[in-house]
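J.: Dropping the structure in here first, questions after.
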Amino acid sequence: MRRVLFFLALAGCSSGGGGGGESPKAGTETKIGTPRPGFIGELPKGAMVVSDGEIGRYGGQLVLAQPGDPKTLNPIIANDVATNDILHGPVFESCLGFHNGKQVEKAGLCEKWEKSEDGMTYTFTLREGLTWSDGQPITSDDFAFSYAVTIDPAVQTAAADLFRQGVDEAGKARFPTFEVVDARTFRFKLAQRDVLFHYAVGSIYAVPKAKWEAAYKAGDFGQAMRINTPPGDIPTSGPFVIKEVRSDERVVLERNPRFWKVDRDGNRLPYLDRVIVLVVPDFNASFLKFREGETDVLEVRPEHYDPLRRKESAGDYLLSDLGPSFNTNWIIFNQDRRLSSEGKPYVDPMKQKWFQNKQFRKAISHAIDREGIVRTVMAGRGQPLWAFSSPANKTWWTEDVVKYPYDLEKARALLTEAGFTTKDGKLFDAEGNHIEFSMTTNAENSTRIGMLNVIKDDLAKLGVTAHIRPVPFNDLLTSLRSTRDFDALLLGWGAAVPPDPTQSKNVLLSSGASHAWAPLQEAPATEWEKRMDELVYENAGTDDMAARLKTWHELEKIFSDEQPQIQLVVQNFFVAGRKDIGNFSPALLRPTTHWNIEQLFKKDAKAP
Amino acid sequence: MTTGVLQRVRGWLPGSALGVFVARRLLAVPPLLLAVSFITFALLEAAPGDYVTRLAEDPHISVETLAQLRHRYGLDGGLMERYGRWLLNAVQGDFGYSFSKEIGVFTLIGERLGNTLVLSGASLLLAWALALPLGVMAGMRQGSVADKLVSFISFFGLSIPRVFFALLMVMFAATTKWFPVGGMRDLVAWDTMTPWQQLVDQLHHLVLPTIVLGTTQTAAYMRQMRAEMVETLGKDFVRTARAKGLSMRQVVWKHAFLNAVNPLVTLFGYSLAALLTGSFLVEIVFAWPGLARLTVDAVFAQDEPVVMASVCMATVMLVAGNLIADLLLGKIDPRIRVG
């Protein structure tokens, strides 16, 4: 029997695949330690100098935990957070980077880019001497290939939406054309101006053409670079290569020996030898793993803040408050004027009348005690939100919007003005209907349910009967995107990188699919929505920052005055990290803890 | 191996009867699979949204992209149309690719199968290794302290909910730090270990989930074994054996045990079916990277091909387990005739 048990255990060893015990080959000794594995070949001529941060030490490993497995190792089709956090940045770099801390653009694989006078031609120049991790040169052809794949409808990438420029006469989606100028230079010709086009190009995480073209031609691009592809077979452009993927257990990254960045002393990056990403689906478990010292960094959930704070002085970690996060929370009333496929209105016409009434929405907004939500649901770690953008947004947030402090008198006055009456503590409209509606959110999210509880009690004080309707997350999204069978709905938006207003086009434009209160309008239904549409286009139509700020601030004013989407609160974001991580500078944009992973180092990495 | 069994079985069974028996059982499989797969498919369909729905949380993703993705994954069309498509491919042996990982479903399942088998195999071994000797001992010494202890353990094992027991064990591991809290190996230190240390590390991780899973099984087998033993020891042939001067040891192991163990063989067959799915809850609680997490994740993500394949596989295992149980029984107990 023992023999059988032994055999079974061994079967378990081998089933995970990969993962040898041999230590990587060491590089040459340097003043700041010995990199294992060492670097290969000469530094590329056009190497990028990273001038900020401390000079680190070679060696050591960083251990992270994330809730999900990567779904693919293909950076072009990746479309979920767990996969992007590993692939975009640590494993593949793009043409342009983004400094998540300062929220500004920074250089990437390209040393420069130029825009023509008319804004219709963009020219990018790659750094000299760049190679993939397998030693093959990185060329314009690789970008031509990767761009073609990105916009190919057969491949289905989320990034394709960033390049789509309306439709041509035949009704087919129009995309900018790509032209290879020489091995290091390539050019895009646009069909229409797009101030954020360089960011769209920055979202192409190129892969080597020579390696993957055959798979693409065979129609198998989706299946190229899967999580069970031998990791040694995937050339990368980022600071790390993939060493091992053990599904539902961990991902191991190892230094890319041909990486193209150096610190200001000329030491080749990255400093870290390895990165281990543990897959820990449960947030409590990842908190425990951090507390026990198994992982090095943690995105702290609100419920874990206090236990970490109490032990901080005794622990070997620092807890940092990054202030309000990018994730906004809001509630909308369904103002959809369309008819469902059965020819019935999506919203009861009686309710529709209330929801389309600006005074009604403003009154509701005044009746919501946002401070109360922060106090009770977020344990005081958050703040009321009035504008469309979160205060986390350094460039675009503005104070100058219409605010709705908790004020029941004002709310009642607004309602009376709009013809509503109160009888026996209950609110009625002019036709004598009692104001009663449901508020939907997803059942899995206790914070959102908590917010609705506060709002329900607040609205009761106005004489409004509001029911909480928790549904599964998928149901919520189906309601929002297609069936539209809700009265009010509470949800939140996150932020894209860069957090620019044009990224919110789909929400702000009346024709947008995420214009949640009344999506996909053929023509704007109201004057203010028409004006907002104009402002969105004006904002995206110029790269003069002063002009863009002006249009954006006007839009924020209209948005806050009309209250189509009642902004509620933003929660503060907390990150914990071990004290021995050098250059640790967590940011609010993903990947929050390791966006500068090539610069991170372990202060106690072994001395040479 | 199957043919070997069949030949031996044939030795004391009319060959045609067995053939008919097996054929009849096998013929029942396709309709069963059809029904099970259709119900699963319909339930998945009835669940809100589909695999693509959750992408809509990102406000940037366009309607066109969502529609194209639905088309690509074959999520457009009605229930019957989609089930028909699935069935047509499945009949040809093509169960498709996981939506999320773009990997063939059986490759994906195969990767996890080993891990699940390690856990369920270990617990099965533990259960049998404990249950048989303890059950026999308890049956021989009815009413003794040992017997009462065995009964107590049986009742404990049968009555404690597995999830609760698993959570207790996790708490035990977290407080005492004697055992790892979850997982199958130490993922941080793994590469610095020698193969021997890796084996020890895995066994260390295996202890608690095996105990949780094994206890319930042990309890069931032990009770059964004890009852059978008590019954058999009271039979005439045992008295005859004693009377003709055999030692108690010979009587127990050669005569009584072989007769008493029969019903347990049936149980063994059923436990084969449980090898794949019996450890689901325990795998989830102990973060064991087996089939359970794969399937549960697939259900939540509505990764249809993975769910369908694992349900079909579990069904086949159940049928196969029952069939094997019946065949084994026929081999061990000459009184049983099939057909």
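Naming works like this for the structure tokens: A, B, ... for the chains as they're shown, residue 1 at the start of each chain, ligands 1 onward in shown order.
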Please identify all polymer residues within 7 Å of region 170-185 of chain A, counting only C-alpha atoms, omitting same-chain residues fewer than 6 positions from it, and present them as a PyMOL selection string.
T.: chain A and resi 124-126+139-141+144+163-164+191
J.: Contacts between chain A and chain B, please, where a residue of chain B counts if it comes within 7 Å (with only C-alpha atoms); show its shortest atom pair and distance in Å to one decimal, rows by chain and ascending number, as a tab-separated table.
T.:
residue	atom	partner	partner_atom	distance
B:Pro48	CA	A:Asp475	CA	5.1
B:Gly49	CA	A:Asn474	CA	5.2
B:Thr53	CA	A:Asn474	CA	6.2
B:Arg54	CA	A:Asn474	CA	6.1
B:Ala56	CA	A:Leu477	CA	6.5
B:Glu57	CA	A:Leu477	CA	6.6
B:Pro59	CA	A:Ser514	CA	5.4
B:His60	CA	A:Asn506	CA	5.9
B:Ile61	CA	A:Ala158	CA	6.6
B:Ser62	CA	A:Ala513	CA	6.6
B:Val63	CA	A:Ala513	CA	6.4
B:Leu69	CA	A:Gln156	CA	6.7
B:Ser100	CA	A:Lys71	CA	5.9
B:Lys101	CA	A:Lys71	CA	4.8
B:Glu102	CA	A:Gln223	CA	5.7
B:Glu111	CA	A:Ser15	CA	6.0
B:Gly114	CA	A:Gly12	CA	5.5
B:Asn115	CA	A:Gly12	CA	5.2
B:Val118	CA	A:Leu8	CA	5.2
B:Ala122	CA	A:Leu5	CA	6.4
B:Asp191	CA	A:Gly21	CA	4.6
B:Thr192	CA	A:Gly21	CA	5.9
B:Met193	CA	A:Gly21	CA	6.6
B:Thr194	CA	A:Gly21	CA	6.9
B:Pro289	CA	A:Asp248	CA	5.7
J.: Enumerate the residues of region 234-418 of chain A with a DSSP assignment of strand (DSSP E or B), computed from the backbone, and present them as an MDAnalysis selection string.
T.: chainID A and resid 240:246 250:255 261:263 268 274:279 297:300 317:333 339 345 382:384
J.: For each of B:Phe99, B:Trp190, B:Phe155, B:Trp178, take the minimum atom-to-atom distance to Gln217 (chain B), counting only C-alpha atoms, then give the residue where this is smallest.
T.: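 Counting only C-alpha atoms, the residue closest to Gln217 (chain B) is B:Phe155.
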J.: Name the closest residue to Asp94 (chain B) among the candidates B:Gly330, B:Val251, B:Thr107, B:Glu64; distances are taken between atoms, counting only C-alpha atoms.
T.: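 Nearest to Asp94 (chain B): B:Thr107.
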J.: Rounded to one decimal in Å, what is the spacing between CA of Gly463 (chain A) and CA of Leu427 (chain A)?
T.: 4.7 Å
J.: Neighbouring residues of Asn433 (chain A) were defined as those with any atom within 10 Å, considering only C-alpha atoms; residues of the same chain fewer than 3 positions away were excluded. Please report them as number ranges by chain.
T.: A: 350-351, 420-421, 427-430, 436
